[in-house]
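Shown next: query.cif, containing mmCIF, C-alpha atoms.
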```
data_run
loop_
_atom_site.label_atom_id
_atom_site.label_comp_id
_atom_site.auth_asym_id
_atom_site.auth_seq_id
_atom_site.Cartn_x
_atom_site.Cartn_y
_atom_site.Cartn_z
CA MET A 17 91.81 -79.29 11.65
CA LYS A 18 89.71 -76.64 9.96
CA ILE A 19 87.97 -73.76 11.69
CA THR A 20 86.15 -70.66 10.44
CA VAL A 21 87.01 -67.18 11.65
CA GLN A 22 84.28 -64.57 11.16
CA PHE A 23 85.13 -60.89 11.11
CA PHE A 24 82.74 -58.16 12.17
CA ALA A 25 82.78 -54.39 11.89
CA GLN A 26 86.26 -52.86 11.52
CA ALA A 27 87.85 -56.31 11.69
CA ARG A 28 86.01 -57.14 8.49
CA LEU A 29 87.38 -53.99 6.91
CA ALA A 30 90.90 -54.88 8.03
CA ALA A 31 90.59 -58.49 6.86
CA GLY A 32 89.06 -57.57 3.53
CA VAL A 33 86.76 -60.59 3.86
CA GLU A 34 83.75 -61.52 5.99
CA SER A 35 85.26 -64.81 7.07
CA ALA A 36 88.13 -67.15 6.47
CA THR A 37 88.51 -70.90 6.77
CA LEU A 38 91.82 -71.85 8.27
CA GLU A 39 93.85 -74.96 8.85
CA VAL A 40 95.03 -74.87 12.48
CA VAL A 41 96.84 -77.26 14.79
CA PRO A 42 94.55 -79.61 16.71
CA HIS A 43 93.38 -78.35 20.11
CA CYS A 44 94.60 -74.81 19.48
CA THR A 45 93.30 -72.10 21.78
CA PRO A 46 91.19 -69.14 20.64
CA GLN A 47 94.18 -66.81 20.77
CA GLN A 48 96.28 -69.21 18.73
CA ALA A 49 93.50 -69.39 16.16
CA VAL A 50 93.33 -65.60 15.93
CA ARG A 51 97.10 -65.45 15.46
CA ALA A 52 96.76 -67.99 12.67
CA ALA A 53 94.13 -65.76 11.06
CA ALA A 54 96.43 -62.76 11.38
CA ASP A 55 99.32 -64.72 9.86
CA ALA A 56 97.16 -65.78 6.93
CA GLY A 57 95.63 -62.38 6.38
CA ARG A 58 96.63 -58.86 5.46
CA GLU A 59 99.08 -56.79 7.47
CA GLU A 60 96.18 -54.45 8.19
CA LEU A 61 94.41 -57.30 9.98
CA ARG A 62 97.46 -58.15 12.03
CA ARG A 63 97.79 -54.52 13.19
CA PHE A 64 94.10 -54.46 14.03
CA LEU A 65 94.29 -57.59 16.16
CA PHE A 66 97.70 -57.22 17.79
CA ASP A 67 99.74 -54.26 19.01
CA GLU A 68 103.36 -53.38 18.27
CA ARG A 69 104.57 -55.84 20.90
CA GLY A 70 102.48 -58.62 19.45
CA GLU A 71 100.01 -58.51 22.32
CA PRO A 72 96.32 -58.96 21.52
CA ARG A 73 94.12 -55.88 21.49
CA ARG A 74 91.77 -57.03 24.21
CA SER A 75 89.03 -54.60 23.27
CA ASN A 76 88.13 -57.07 20.52
CA LEU A 77 85.59 -59.59 21.75
CA LEU A 78 86.03 -63.22 20.81
CA LEU A 79 83.02 -65.48 20.37
CA LEU A 80 83.29 -69.24 20.14
CA GLY A 81 80.00 -70.35 18.72
CA GLN A 82 77.36 -68.63 20.81
CA ARG A 83 79.61 -67.91 23.75
CA ARG A 84 82.12 -65.22 24.57
CA VAL A 85 85.60 -66.48 25.34
CA THR A 86 88.49 -64.48 26.67
CA TRP A 87 91.80 -63.98 24.90
CA ASP A 88 93.42 -66.09 27.61
CA SER A 89 90.99 -68.95 27.34
CA VAL A 90 92.72 -72.33 27.23
CA GLN A 91 89.64 -74.07 25.88
CA PRO A 92 90.78 -76.01 22.84
CA LEU A 93 88.94 -75.49 19.61
CA ALA A 94 87.44 -78.43 17.78
CA ASP A 95 87.32 -79.23 14.10
CA GLY A 96 84.60 -77.15 12.45
CA ASP A 97 84.41 -74.52 15.20
CA CYS A 98 83.49 -70.94 14.33
CA LEU A 99 85.39 -68.15 16.06
CA THR A 100 84.05 -64.61 15.68
CA ILE A 101 86.07 -61.45 16.16
CA LEU A 102 83.73 -58.70 17.34
CA PRO A 103 85.32 -55.28 17.70
CA PRO A 104 83.66 -52.74 19.98
CA VAL A 105 81.32 -50.36 18.23
CA ALA A 106 79.37 -47.42 19.57
CA GLY A 107 76.49 -45.12 18.75
CA GLY A 108 76.05 -41.99 16.76
CA MET B 10 43.64 -38.14 39.67
CA ALA B 11 46.68 -39.89 41.18
CA ALA B 12 49.99 -39.09 39.48
CA ASN B 13 50.31 -42.29 37.49
CA GLU B 14 46.66 -42.87 36.75
CA LEU B 15 45.80 -42.84 33.07
CA SER B 16 43.45 -40.26 31.64
CA ALA B 17 40.80 -41.09 29.09
CA GLU B 18 43.06 -39.64 26.37
CA GLU B 19 45.97 -41.77 27.48
CA LEU B 20 43.81 -44.89 27.56
CA ALA B 21 42.78 -44.11 24.00
CA ARG B 22 46.32 -43.23 22.91
CA TYR B 23 47.84 -46.43 24.26
CA ALA B 24 44.89 -48.68 23.44
CA TRP B 25 46.81 -50.96 21.10
CA GLN B 26 49.61 -51.62 23.61
CA LEU B 27 47.30 -52.00 26.56
CA ASP B 28 46.12 -55.16 24.82
CA VAL B 29 49.63 -56.64 24.78
CA PRO B 30 49.53 -59.70 27.08
CA GLY B 31 51.51 -59.07 30.23
CA PHE B 32 51.53 -55.30 29.74
CA GLY B 33 48.11 -53.77 30.28
CA GLU B 34 47.27 -50.73 32.37
CA ALA B 35 49.68 -51.79 35.10
CA GLY B 36 52.57 -51.79 32.63
CA GLN B 37 51.44 -48.46 31.22
CA ARG B 38 51.39 -46.89 34.66
CA ARG B 39 54.91 -48.15 35.24
CA LEU B 40 56.09 -46.44 32.08
CA LYS B 41 54.34 -43.27 33.09
CA ALA B 42 56.06 -43.33 36.47
CA ALA B 43 59.50 -43.84 34.97
CA THR B 44 62.36 -41.54 34.04
CA VAL B 45 64.77 -42.59 31.29
CA LEU B 46 68.07 -40.85 30.46
CA VAL B 47 69.05 -41.00 26.80
CA SER B 48 72.71 -40.24 26.17
CA ARG B 49 72.76 -38.50 22.78
CA VAL B 50 69.75 -38.21 20.51
CA GLY B 51 71.43 -38.87 17.19
CA GLY B 52 70.70 -41.79 14.92
CA LEU B 53 70.44 -44.27 17.73
CA GLY B 54 69.27 -42.16 20.64
CA GLY B 55 66.76 -40.28 18.54
CA ILE B 56 64.95 -43.47 17.65
CA VAL B 57 65.19 -44.66 21.26
CA ALA B 58 63.67 -41.43 22.53
CA TYR B 59 60.97 -41.46 19.88
CA GLN B 60 59.88 -44.99 20.69
CA LEU B 61 59.94 -44.35 24.42
CA ALA B 62 57.86 -41.22 23.96
CA ALA B 63 55.40 -43.09 21.79
CA ALA B 64 55.15 -45.80 24.43
CA GLY B 65 54.40 -43.26 27.15
CA VAL B 66 57.51 -43.15 29.35
CA GLY B 67 56.68 -40.35 31.75
CA HIS B 68 59.93 -38.42 31.73
CA LEU B 69 62.73 -38.41 29.19
CA ILE B 70 66.03 -36.71 29.94
CA LEU B 71 67.96 -36.09 26.73
CA ALA B 72 71.65 -35.17 26.80
CA HIS B 73 73.31 -33.96 23.60
CA ALA B 74 75.41 -30.92 22.79
CA GLY B 75 75.64 -29.05 19.55
CA PRO B 76 73.69 -28.03 16.48
CA ILE B 77 72.18 -30.15 13.75
CA ARG B 78 74.43 -30.82 10.79
CA VAL B 79 73.35 -31.76 7.32
CA ASP B 80 75.21 -35.08 7.51
CA ASP B 81 73.08 -36.01 10.55
CA LEU B 82 70.00 -36.28 8.40
CA ASN B 83 70.55 -39.75 6.92
CA ARG B 84 69.81 -41.26 10.34
CA GLN B 85 68.83 -38.67 12.97
CA LEU B 86 65.08 -38.80 12.49
CA LEU B 87 64.22 -36.29 15.20
CA MET B 88 66.02 -33.59 13.21
CA THR B 89 64.81 -31.62 10.20
CA THR B 90 66.38 -29.96 7.20
CA ALA B 91 64.99 -26.63 8.38
CA GLY B 92 66.77 -27.17 11.69
CA VAL B 93 70.30 -27.44 10.31
CA GLY B 94 72.53 -25.18 12.38
CA GLN B 95 70.08 -25.07 15.27
CA SER B 96 70.00 -26.90 18.60
CA ARG B 97 69.67 -30.65 18.34
CA ILE B 98 68.11 -30.87 21.75
CA GLU B 99 65.47 -28.29 20.95
CA SER B 100 64.53 -30.09 17.76
CA ALA B 101 64.38 -33.43 19.55
CA ALA B 102 62.28 -32.10 22.40
CA ARG B 103 59.87 -30.39 20.04
CA ARG B 104 59.39 -33.50 17.90
CA LEU B 105 58.82 -35.68 20.94
CA GLN B 106 56.27 -33.32 22.44
CA GLU B 107 54.45 -33.13 19.12
CA LEU B 108 54.18 -36.89 19.18
CA ASN B 109 53.21 -37.23 22.83
CA PRO B 110 52.46 -34.18 24.99
CA HIS B 111 52.01 -36.42 28.02
CA VAL B 112 55.76 -37.05 28.16
CA ARG B 113 57.88 -34.58 30.12
CA VAL B 114 61.05 -33.88 28.17
CA THR B 115 64.10 -32.42 29.86
CA GLY B 116 66.75 -31.33 27.35
CA ILE B 117 70.35 -31.00 28.45
CA GLU B 118 72.58 -29.19 25.93
CA GLU B 119 75.61 -31.18 27.03
CA ASN B 120 77.10 -34.54 26.25
CA ILE B 121 77.63 -36.85 29.19
CA ASN B 122 80.81 -35.85 31.00
CA ALA B 123 82.50 -36.22 34.37
CA GLY B 124 80.74 -33.10 35.61
CA ASN B 125 77.15 -34.12 34.88
CA VAL B 126 77.06 -37.91 34.80
CA ALA B 127 76.35 -38.48 38.50
CA ASP B 128 73.45 -36.05 38.56
CA LEU B 129 71.89 -37.23 35.31
CA VAL B 130 72.18 -40.94 36.11
CA GLY B 131 70.85 -40.19 39.56
CA ARG B 132 67.64 -38.80 38.14
CA ALA B 133 66.94 -41.82 35.91
CA ASP B 134 65.44 -45.24 36.43
CA VAL B 135 67.00 -46.62 33.26
CA VAL B 136 69.88 -45.25 31.16
CA MET B 137 70.15 -45.61 27.38
CA ASP B 138 73.71 -45.51 26.10
CA CYS B 139 73.61 -44.28 22.53
CA ALA B 140 76.83 -42.26 22.62
CA PRO B 141 79.39 -42.33 19.79
CA LEU B 142 82.50 -41.97 21.94
CA PHE B 143 83.83 -44.61 24.28
CA ALA B 144 84.90 -42.04 26.86
CA GLU B 145 81.22 -41.19 27.31
CA ARG B 146 80.14 -44.80 27.29
CA PHE B 147 82.70 -45.79 29.89
CA ALA B 148 81.79 -42.79 32.06
CA LEU B 149 78.14 -43.81 31.95
CA ASN B 150 79.09 -47.39 32.70
CA ARG B 151 81.08 -46.45 35.78
CA GLU B 152 78.25 -44.33 37.07
CA VAL B 153 75.45 -46.84 36.49
CA VAL B 154 77.54 -49.45 38.27
CA ARG B 155 78.17 -47.05 41.15
CA GLN B 156 74.49 -46.18 41.41
CA ARG B 157 73.28 -49.69 40.54
CA LYS B 158 71.09 -48.46 37.69
CA PRO B 159 70.26 -50.59 34.64
CA MET B 160 71.60 -49.47 31.30
CA VAL B 161 70.80 -50.51 27.75
CA GLU B 162 73.87 -50.56 25.50
CA ALA B 163 73.21 -50.09 21.80
CA ALA B 164 75.81 -49.82 19.09
CA MET B 165 76.21 -50.02 15.33
CA TYR B 166 78.64 -49.99 12.42
CA GLU B 167 77.93 -50.17 8.71
CA LEU B 168 75.16 -52.77 8.44
CA GLN B 169 75.82 -54.40 11.81
CA ALA B 170 74.49 -53.73 15.27
CA GLN B 171 74.88 -54.90 18.84
CA LEU B 172 72.64 -54.69 21.87
CA THR B 173 72.79 -55.78 25.47
CA THR B 174 71.29 -54.73 28.81
CA ILE B 175 73.40 -54.17 31.86
CA VAL B 176 72.07 -54.67 35.37
CA PRO B 177 74.96 -54.09 37.79
CA GLY B 178 75.53 -57.11 39.97
CA LYS B 179 73.67 -59.39 37.60
CA THR B 180 75.25 -58.98 34.19
CA PRO B 181 78.59 -57.99 32.74
CA CYS B 182 79.13 -54.25 32.65
CA LEU B 183 80.61 -52.52 29.63
CA ALA B 184 84.12 -52.82 31.05
CA CYS B 185 83.68 -56.59 31.49
CA LEU B 186 83.19 -56.78 27.74
CA TYR B 187 85.66 -54.08 26.69
CA PRO B 188 88.38 -53.63 29.30
CA GLU B 189 90.38 -51.25 27.11
CA GLU B 190 89.50 -48.16 25.13
CA PRO B 191 89.38 -49.39 21.52
CA PRO B 192 92.11 -47.75 19.46
CA ALA B 193 90.39 -48.29 16.12
CA TRP B 194 87.07 -46.57 16.84
CA ARG B 195 86.42 -43.35 14.95
CA ARG B 196 83.74 -40.76 15.61
CA ARG B 197 82.54 -40.94 12.01
CA PHE B 198 81.85 -44.39 10.64
CA PRO B 199 79.84 -45.93 7.80
CA VAL B 200 76.19 -46.58 8.60
CA LEU B 201 72.81 -46.59 6.87
CA GLY B 202 70.00 -44.90 8.79
CA ALA B 203 67.80 -47.97 8.88
CA VAL B 204 70.41 -49.71 11.06
CA PRO B 205 70.02 -47.39 14.07
CA GLY B 206 66.34 -47.38 13.21
CA MET B 207 66.23 -51.08 13.93
CA ILE B 208 68.60 -51.36 16.86
CA GLY B 209 67.27 -48.16 18.44
CA SER B 210 63.79 -49.63 18.43
CA LEU B 211 65.05 -52.86 19.98
CA ALA B 212 66.91 -50.82 22.59
CA ALA B 213 63.73 -48.91 23.45
CA LEU B 214 61.95 -52.22 23.78
CA GLU B 215 64.61 -53.37 26.25
CA ALA B 216 63.87 -50.34 28.42
CA ILE B 217 60.13 -50.92 28.16
CA LYS B 218 60.60 -54.56 29.14
CA LEU B 219 62.72 -53.59 32.14
CA LEU B 220 60.28 -50.95 33.31
CA ALA B 221 57.10 -52.93 32.71
CA GLY B 222 58.44 -56.33 33.73
CA LEU B 223 57.65 -57.73 30.32
CA GLY B 224 59.34 -60.50 28.39
CA GLU B 225 63.03 -61.26 28.71
CA PRO B 226 65.57 -58.45 28.29
CA LEU B 227 69.06 -59.21 27.06
CA LEU B 228 70.56 -59.81 30.47
CA GLY B 229 73.83 -61.69 30.14
CA ARG B 230 73.22 -61.85 26.42
CA LEU B 231 74.65 -59.83 23.57
CA LEU B 232 72.58 -59.52 20.41
CA VAL B 233 74.77 -59.35 17.30
CA ALA B 234 73.03 -58.46 14.06
CA ASP B 235 74.47 -58.55 10.56
CA LEU B 236 71.84 -56.88 8.43
CA ARG B 237 73.81 -57.37 5.25
CA THR B 238 72.78 -61.02 5.41
CA VAL B 239 69.93 -60.57 7.92
CA GLN B 240 71.54 -62.85 10.48
CA PHE B 241 70.90 -62.42 14.17
CA GLN B 242 72.59 -64.23 16.98
CA THR B 243 72.55 -63.88 20.74
CA VAL B 244 75.68 -64.86 22.59
CA SER B 245 76.16 -65.51 26.28
CA VAL B 246 78.34 -63.01 28.07
CA GLU B 247 79.47 -63.17 31.69
CA ARG B 248 80.86 -60.83 34.27
CA SER B 249 84.60 -60.62 34.42
CA ALA B 250 85.87 -61.51 37.89
CA ASN B 251 88.72 -59.02 37.47
CA CYS B 252 86.62 -56.16 36.13
CA GLU B 253 88.00 -52.87 37.37
CA VAL B 254 84.55 -51.30 37.34
CA CYS B 255 82.08 -53.88 38.61
CA GLY B 256 84.38 -56.48 40.11
CA GLY B 257 83.51 -55.29 43.60
CA VAL B 258 79.76 -55.34 43.11
CA PRO B 259 78.28 -58.36 44.87
CA ALA B 260 76.26 -60.69 42.74
CA SER B 261 72.57 -60.13 43.08
CA SER B 262 70.83 -63.28 44.20
CA GLY B 263 67.74 -62.42 42.18
CA ARG B 264 65.76 -64.20 44.89
CA LEU B 265 62.07 -63.86 44.33
CA THR B 266 60.41 -62.87 47.54
CA HIS B 267 56.90 -62.36 46.36
CA ARG B 268 54.65 -62.82 43.43
CA ARG B 269 51.81 -60.79 42.03
CA GLN B 270 48.92 -62.39 40.20
CA GLY B 271 50.95 -65.56 39.89
CA ARG B 272 53.92 -63.81 38.25
CA ALA B 273 57.07 -62.44 39.77
CA CYS B 274 56.84 -58.73 40.44
CA ALA B 275 58.98 -56.85 37.92
CA THR B 276 61.08 -55.46 40.73
CA MET B 277 62.04 -58.87 41.93
CA LYS B 278 62.47 -60.28 38.45
CA TYR B 279 65.24 -57.92 37.50
CA GLY B 280 66.37 -56.83 40.94
CA LEU B 281 65.59 -53.22 40.16
CA PHE B 282 64.67 -50.56 42.63
CA PRO B 283 61.01 -50.99 43.57
CA LEU B 284 59.53 -48.25 41.41
CA TRP B 285 56.17 -49.83 41.34
CA LEU B 286 55.79 -50.80 44.95
CA ASN B 287 52.37 -49.31 45.01
CA GLN B 288 51.40 -51.42 42.05
CA CYS B 289 52.07 -54.70 43.79
CA ASN B 290 49.58 -56.61 45.91
CA PRO B 291 48.33 -54.54 48.82
CA GLY B 292 50.15 -56.93 51.11
CA CYS B 293 53.50 -56.36 49.39
CA ASN B 294 56.01 -54.79 51.71
CA SER B 295 59.10 -55.69 49.74
CA SER B 296 62.18 -53.53 49.89
CA ARG B 297 64.92 -53.55 47.27
CA ALA B 298 65.72 -57.01 45.97
CA SER B 299 68.80 -58.64 47.42
#
```
Let me see the file written as structure tokens.
Amino acid sequence: MKITVQFFAQARLAAGVESATLEVVPHCTPQQAVRAAADAGREELRRFLFDERGEPRRSNLLLLGQRRVTWDSVQPLADGDCLTILPPVAGG
Amino acid sequence: MAANELSAEELARYAWQLDVPGFGEAGQRRLKAATVLVSRVGGLGGIVAYQLAAAGVGHLILAHAGPIRVDDLNRQLLMTTAGVGQSRIESAARRLQELNPHVRVTGIEENINAGNVADLVGRADVVMDCAPLFAERFALNREVVRQRKPMVEAAMYELQAQLTTIVPGKTPCLACLYPEEPPAWRRRFPVLGAVPGMIGSLAALEAIKLLAGLGEPLLGRLLVADLRTVQFQTVSVERSANCEVCGGVPASSGRLTHRRQGRACATMKYGLFPLWLNQCNPGCNSSRAS
């Protein structure tokens, strides 16, 4: 099935694109979808999303549609879903 | 004249906002009675402070160390070219007083740190988090949760911005959203000045809405703005049951125990400390919302 992954802030910089449409396995979880985006993207994106041990950097917020989901969410994605990666940003 | 009564000059000054439905003189008196802490008065906090001063918040506490730098001037609208090298706080305080002499401005030449956060948060009714470093933001978050004070969280990057309002016990705190210090955040980042101009104004409006009991603040909602394409979305965010900071704070029932003029009293609506008790119906004897 196809989903869209949107990148915000520094994730967009790391990805080099604002969004990507990916082919993922049916019923994949949000984390699996992000891993698929990392696999399909630049090495810079992978390092931004996952640490040296391959663990997700949990400071990055994940949004499924209009709702925040956790990295451990087991909610399966559906065809056409939009997953947003929202890194933390601050003031200045 | 009682402390929060409005003078003829104030009534004239705020005339346009006194006509805002649901605000009026009662809302204005609430602003006048309030103290707001603004953490940093740079691009974001400067706009926040300016809008709150314009609106007539009675007391602003500004915390920011250091002198003005020339690269502040693309976004820090309380600063001036002539002030480069001089105290940021002094410039901010002067500009705010020039705009509105009715506002008491307390300038603290320090950034929020472990040594001052308890005292500064303790003096405020609402906290505005406009700080560039997550250590400061997390320190403020821990303290507002400890003291059960509401905090408006504003942030930006490039042409994007985020905004949410934290009410401990009701909404996620900052640590619910970001449980780890982000490794990729840098003190200097790309941003155009109009971005904090926008999100700073929205942040100020959040504080005004909290204080005056007006409209619907972003409680349990995160506003995400991409100004490159002018797209805004609000997403639902929830408390994390395992949050190390607010996990032990009991959920506020938000039970409404009284109404005023057919509407919920602002105190009850947001579960905030009853600042305006004397503004409620004479029969109101409510204590802090449970």
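One distance worth recording is that between atom CA of B:Gly31 and atom CA of B:Leu219, which is 12.6 Å.
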Show me, as a Markdown table, the residues of chain B having an atom within 8 Å of chain A, each with the closest atom pair and its distance in Å, using only C-alpha atoms.
```
| residue | atom | partner | partner_atom | distance |
| --- | --- | --- | --- | --- |
| B:Arg49 | CA | A:Gly108 | CA | 7.7 |
| B:Gly51 | CA | A:Gly108 | CA | 5.6 |
| B:Gly52 | CA | A:Gly108 | CA | 5.7 |
| B:Leu53 | CA | A:Gly108 | CA | 6.1 |
| B:Gly54 | CA | A:Gly108 | CA | 7.8 |
| B:Asp138 | CA | A:Gly107 | CA | 7.9 |
| B:Cys139 | CA | A:Gly107 | CA | 4.8 |
| B:Ala140 | CA | A:Gly107 | CA | 4.8 |
| B:Pro141 | CA | A:Gly107 | CA | 4.2 |
| B:Leu142 | CA | A:Ala106 | CA | 6.7 |
| B:Phe143 | CA | A:Ala106 | CA | 7.1 |
| B:Ala163 | CA | A:Gly107 | CA | 6.7 |
| B:Ala164 | CA | A:Ala106 | CA | 4.3 |
| B:Met165 | CA | A:Val105 | CA | 5.9 |
| B:Tyr166 | CA | A:Ala25 | CA | 6.1 |
| B:Glu167 | CA | A:Ala25 | CA | 7.2 |
| B:Gln169 | CA | A:Ala25 | CA | 7.0 |
| B:Gln171 | CA | A:Val105 | CA | 7.9 |
| B:Leu186 | CA | A:Leu77 | CA | 7.0 |
| B:Tyr187 | CA | A:Ser75 | CA | 4.8 |
| B:Pro188 | CA | A:Ser75 | CA | 6.1 |
| B:Glu189 | CA | A:Ser75 | CA | 5.3 |
| B:Glu190 | CA | A:Ser75 | CA | 6.7 |
| B:Pro191 | CA | A:Ser75 | CA | 5.5 |
| B:Ala193 | CA | A:Phe64 | CA | 7.5 |
| B:Trp194 | CA | A:Val105 | CA | 7.0 |
| B:Arg196 | CA | A:Gly108 | CA | 7.9 |
| B:Gln242 | CA | A:Gln82 | CA | 7.5 |
| B:Thr243 | CA | A:Gln82 | CA | 6.8 |
| B:Val244 | CA | A:Gln82 | CA | 4.5 |
| B:Ser245 | CA | A:Arg83 | CA | 4.9 |
| B:Val246 | CA | A:Arg84 | CA | 5.6 |
| B:Glu247 | CA | A:Arg84 | CA | 7.9 |
```
Could you work out how far atom CA of A:Gln47 lies from atom CA of A:Asp88, giving the answer in Å with one decimal? 6.9 Å
On this structure, the PyMOL selection byres ((chain A and resi 54-62) around 9) would catch which residues? List them as a count of residues only, sorted by chain and number. 19
Mind telling me what the PyMOL selection byres ((chain A and resi 94) around 8) catches here, as a PDB file with C-alpha atoms, in the frame of the given file?
```pdb
ATOM      1  CA  MET A  17      91.810 -79.290  11.650  1.00  0.00           C
ATOM      2  CA  ILE A  19      87.970 -73.760  11.690  1.00  0.00           C
ATOM      3  CA  PRO A  42      94.550 -79.610  16.710  1.00  0.00           C
ATOM      4  CA  HIS A  43      93.380 -78.350  20.110  1.00  0.00           C
ATOM      5  CA  PRO A  92      90.780 -76.010  22.840  1.00  0.00           C
ATOM      6  CA  LEU A  93      88.940 -75.490  19.610  1.00  0.00           C
ATOM      7  CA  ASP A  95      87.320 -79.230  14.100  1.00  0.00           C
ATOM      8  CA  GLY A  96      84.600 -77.150  12.450  1.00  0.00           C
ATOM      9  CA  ASP A  97      84.410 -74.520  15.200  1.00  0.00           C
TER      10      ASP A  97
END
```
Would you compute the distance between atom CA of B:Trp25 and atom CA of B:Phe241? Give it in Å to one decimal.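 Separating atom CA of B:Trp25 from atom CA of B:Phe241 is a distance of 27.6 Å.
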Mind telling me what the PyMOL selection byres ((chain B and resi 229) around 10) catches here, as an mmCIF file with C-alpha atoms, keeping the file's coordinate frame?
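expr.cif was written with the following content:
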```cif
data_model
loop_
_atom_site.group_PDB
_atom_site.id
_atom_site.type_symbol
_atom_site.label_atom_id
_atom_site.label_comp_id
_atom_site.auth_asym_id
_atom_site.auth_seq_id
_atom_site.Cartn_x
_atom_site.Cartn_y
_atom_site.Cartn_z
ATOM 1 C CA THR B 173 72.790 -55.780 25.470
ATOM 2 C CA THR B 174 71.290 -54.730 28.810
ATOM 3 C CA ILE B 175 73.400 -54.170 31.860
ATOM 4 C CA VAL B 176 72.070 -54.670 35.370
ATOM 5 C CA LYS B 179 73.670 -59.390 37.600
ATOM 6 C CA THR B 180 75.250 -58.980 34.190
ATOM 7 C CA PRO B 181 78.590 -57.990 32.740
ATOM 8 C CA CYS B 182 79.130 -54.250 32.650
ATOM 9 C CA PRO B 226 65.570 -58.450 28.290
ATOM 10 C CA LEU B 227 69.060 -59.210 27.060
ATOM 11 C CA LEU B 228 70.560 -59.810 30.470
ATOM 12 C CA ARG B 230 73.220 -61.850 26.420
ATOM 13 C CA LEU B 231 74.650 -59.830 23.570
ATOM 14 C CA THR B 243 72.550 -63.880 20.740
ATOM 15 C CA VAL B 244 75.680 -64.860 22.590
ATOM 16 C CA SER B 245 76.160 -65.510 26.280
ATOM 17 C CA VAL B 246 78.340 -63.010 28.070
ATOM 18 C CA GLU B 247 79.470 -63.170 31.690
ATOM 19 C CA ARG B 248 80.860 -60.830 34.270
#
```
Do you know which residues are at most 9 Å from stretch 125-137 of chain B counting all atoms listed in the file, after dropping those on the same chain fewer than 3 positions away, and could you put them as a PyMOL selection string? chain B and resi 43-49+54+57+68-70+72+119-122+140+148-149+152-153+156+158-163+212-213+216+219-220+281-282+284
So which one's closest to B:Asn150, B:Arg103, B:Ala123, B:Gly33, B:Val93? Using only C-alpha atoms, please.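 Going through B:Arg103, B:Ala123, B:Gly33, B:Val93 one by one, the smallest distance to B:Asn150 is for B:Ala123.
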Kindly extract all protein, DNA and RNA residues lying within 7 Å of the coordinates (84.1, -70.8, 8.7) given in the file, considering only C-alpha atoms, and supply them as a PyMOL selection string. chain A and resi 19-22+35-37+98
Show which residues sit within 9 Å of stretch 39-41 of chain B, as number ranges by chain. Count only C-alpha atoms, and ignore same-chain residues fewer than 4 positions away. B: 12-15, 34-35, 61, 64-68, 111-112, 217, 220-221, 284-285, 288
Any idea what's packed within 9 Å of B:Glu253, counting all atoms listed in the file, ignoring anything in its chain fewer than 4 positions away? Could you give it as an mmCIF file with C-alpha atoms, keeping the file's coordinate frame?
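The file below, around-v8.cif, is the result:
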```
data_model
loop_
_atom_site.group_PDB
_atom_site.id
_atom_site.type_symbol
_atom_site.label_atom_id
_atom_site.label_comp_id
_atom_site.auth_asym_id
_atom_site.auth_seq_id
_atom_site.Cartn_x
_atom_site.Cartn_y
_atom_site.Cartn_z
ATOM 1 C CA ALA B 184 84.120 -52.820 31.050
ATOM 2 C CA CYS B 185 83.680 -56.590 31.490
ATOM 3 C CA PRO B 188 88.380 -53.630 29.300
ATOM 4 C CA SER B 249 84.600 -60.620 34.420
ATOM 5 C CA GLY B 257 83.510 -55.290 43.600
#
```
